[in-house]
Amino acid sequence: MNNLNNISVEPIKNLSKEEIKEALKKMRKELFELQNKFYADGRFGLLIILQGMDTSGKDGTIRHVFSSMNPQGVQVKSFKKPTEEELNHDFLWRIYPHIPPKGIIQIFNRSYYEDIIMPIIENTNSDNMILHRCKFIKSLEEHLEQNNITVIKIFLHISKEEQENRIQERLTKPHKRWKYSKEDTNAAKLWDKYQTAYNSIINNCDNPDWNIIPANKKWYRNYQVAKILTEHLKKLNLKYPDNNN
């Protein structure tokens, strides 16, 4: 069983930051070609779920890893607190329109997992309801896989100290001030509850497994996410359509 408290938030020792950043630069070029072929091939869809504590770097990961791709084939959806209309439907209602069609890479900046995490933290749902949602999500992800839509789940793992540093940066640096929200500080005060909630989804919604990325260092985080994506796209044996058919 995974426990975030026992998983490192730091890069592997003796790695060169400059070498990793150079490797990422080359990988981004490769990703451009792979995603172009993925879009043209049209046999597969890809749903990437990014989860993590506030300030863990979800926006930064999207910017540094995916910005090299053709925007026609990549979509990003951020899920905020449910609206009143969304709350009047089942918890996955707002998700369905954003499931990717074939040829498209869809990124969820937060996701339907928020509908497990927040009820655990706020104690608004029974244990049976939480369990039901976990089972329903596992069924959904299995259904997507059966229809050639792969789900890659990524948890950006930072330390409590690093979160505090990043919140302080948002408060003190003018170019980051716009990103600050009181919710950042409120969430930081509930660190232990969030860790419990994330441990729950990582262990109970584990098919497919979560990729837990050490994210204290942004350069290592970006490289690891790009590597996971590159390896997946290569495995698909993508090909351009034959126009003679």
# chains A, B, ... in the order shown; residues from 1 in each chain; ligands from 1
call {"tool": "residues_around", "arguments": {"residues": "stretch 142-150 of chain A", "least_positions_apart": "6", "cutoff": "10 Å", "atoms": "only C-alpha atoms", "output": "NGL selection string"}}
result
:A and (43-48 or 99-105 or 136 or 207-208 or 232)
call {"tool": "residues_around", "arguments": {"residues": "stretch 210-215 of chain A", "least_positions_apart": "3", "cutoff": "6 Å", "atoms": "only C-alpha atoms", "output": "tab-separated table (two decimals) with all heavy atoms, in the first residue's frame"}}
result
chain	number	residue	atom	x	y	z
A	9	VAL	N	9.96	13.38	-2.22
A	9	VAL	CA	9.50	14.50	-3.04
A	9	VAL	C	10.66	15.11	-3.83
A	9	VAL	O	10.48	16.08	-4.57
A	9	VAL	CB	8.86	15.60	-2.16
A	9	VAL	CG1	7.60	15.09	-1.48
A	9	VAL	CG2	9.85	16.11	-1.11
A	10	GLU	N	11.86	14.52	-3.69
A	10	GLU	CA	13.07	15.06	-4.29
A	10	GLU	C	13.55	14.19	-5.45
A	10	GLU	O	13.24	13.00	-5.52
A	10	GLU	CB	14.19	15.16	-3.25
A	10	GLU	CG	13.87	16.08	-2.08
A	10	GLU	CD	13.81	17.56	-2.47
A	10	GLU	OE1	14.29	17.91	-3.57
A	10	GLU	OE2	13.29	18.36	-1.67
A	153	LYS	N	-2.74	8.75	-14.92
A	153	LYS	CA	-3.00	9.51	-13.70
A	153	LYS	C	-1.67	9.92	-13.06
A	153	LYS	O	-0.81	9.07	-12.80
A	153	LYS	CB	-3.85	8.68	-12.73
A	153	LYS	CG	-5.19	8.29	-13.35
A	153	LYS	CD	-6.12	7.63	-12.36
A	153	LYS	CE	-5.66	6.28	-11.91
A	153	LYS	NZ	-6.72	5.52	-11.21
A	154	ILE	N	-1.56	11.22	-12.81
A	154	ILE	CA	-0.31	11.77	-12.30
A	154	ILE	C	-0.58	12.56	-11.03
A	154	ILE	O	-1.43	13.47	-11.01
A	154	ILE	CB	0.35	12.68	-13.35
A	154	ILE	CG1	0.77	11.83	-14.57
A	154	ILE	CG2	1.56	13.41	-12.77
A	154	ILE	CD1	1.24	12.65	-15.75
A	155	PHE	N	0.13	12.22	-9.97
A	155	PHE	CA	0.06	12.98	-8.72
A	155	PHE	C	1.39	13.70	-8.52
A	155	PHE	O	2.44	13.06	-8.47
A	155	PHE	CB	-0.22	12.06	-7.53
A	155	PHE	CG	-0.27	12.80	-6.22
A	155	PHE	CD1	-1.38	13.55	-5.87
A	155	PHE	CD2	0.81	12.77	-5.34
A	155	PHE	CE1	-1.41	14.26	-4.67
A	155	PHE	CE2	0.78	13.46	-4.14
A	155	PHE	CZ	-0.34	14.21	-3.81
A	156	LEU	N	1.33	15.02	-8.43
A	156	LEU	CA	2.53	15.84	-8.22
A	156	LEU	C	2.76	15.96	-6.72
A	156	LEU	O	2.00	16.61	-6.01
A	156	LEU	CB	2.35	17.21	-8.88
A	156	LEU	CG	2.03	17.18	-10.38
A	156	LEU	CD1	1.85	18.60	-10.92
A	156	LEU	CD2	3.10	16.43	-11.16
A	157	HIS	N	3.83	15.35	-6.27
A	157	HIS	CA	4.09	15.15	-4.83
A	157	HIS	C	5.10	16.17	-4.31
A	157	HIS	O	6.28	16.12	-4.69
A	157	HIS	CB	4.60	13.72	-4.64
A	157	HIS	CG	4.76	13.30	-3.22
A	157	HIS	ND1	3.96	13.76	-2.19
A	157	HIS	CD2	5.64	12.43	-2.64
A	157	HIS	CE1	4.33	13.20	-1.06
A	157	HIS	NE2	5.34	12.39	-1.30
A	158	ILE	N	4.64	17.09	-3.47
A	158	ILE	CA	5.53	18.08	-2.85
A	158	ILE	C	5.46	17.95	-1.33
A	158	ILE	O	4.55	17.33	-0.79
A	158	ILE	CB	5.18	19.53	-3.26
A	158	ILE	CG1	3.76	19.90	-2.80
A	158	ILE	CG2	5.36	19.73	-4.76
A	158	ILE	CD1	3.42	21.36	-2.98
A	221	ARG	N	10.29	17.43	-12.10
A	221	ARG	CA	8.86	17.17	-12.30
A	221	ARG	C	8.51	17.19	-13.78
A	221	ARG	O	7.86	16.27	-14.30
A	221	ARG	CB	8.05	18.23	-11.55
A	221	ARG	CG	6.56	18.24	-11.80
A	221	ARG	CD	5.98	19.60	-11.45
A	221	ARG	NE	6.30	20.61	-12.45
A	221	ARG	CZ	6.25	21.92	-12.23
A	221	ARG	NH1	5.91	22.38	-11.05
A	221	ARG	NH2	6.55	22.76	-13.21
call {"tool": "select_by_dssp", "arguments": {"residues": "stretch 15-211 of chain A", "states": "strand (DSSP E)", "output": "PyMOL selection string"}}
result
chain A and resi 45-52+74-78+105-109+149-157+210-211
call {"tool": "select_by_dssp", "arguments": {"residues": "chain A", "states": "helix (DSSP H, G or I)", "output": "MDAnalysis selection string"}}
result
chainID A and resid 4:6 17:41 58:66 71:73 84:87 96:98 114:122 127:146 160:172 174:177 182:189 191:204 218:235
call {"tool": "closest_residue", "arguments": {"among": "A:Leu238, A:Cys134, A:Gln224, A:Asn88", "to": "A:Pro11", "atoms": "only C-alpha atoms"}}
result
A:Gln224
call {"tool": "residues_around", "arguments": {"residues": "A:Lys234", "least_positions_apart": "4", "cutoff": "10 Å", "atoms": "only C-alpha atoms", "output": "PyMOL selection string"}}
result
chain A and resi 31+34+38+229-230+238
call {"tool": "atom_distance", "arguments": {"atom1": "atom CA of A:Glu19", "atom2": "atom CA of A:Ser68"}}
result
19.2 Å
call {"tool": "closest_residue", "arguments": {"among": "A:Arg166, A:Arg133, A:Lys227, A:Lys173", "to": "A:Ser56", "atoms": "only C-alpha atoms"}}
result
A:Arg166
call {"tool": "closest_residue", "arguments": {"among": "A:Ala188, A:Ile137, A:Met118, A:Leu233", "to": "A:Glu164", "atoms": "only C-alpha atoms"}}
result
A:Ala188
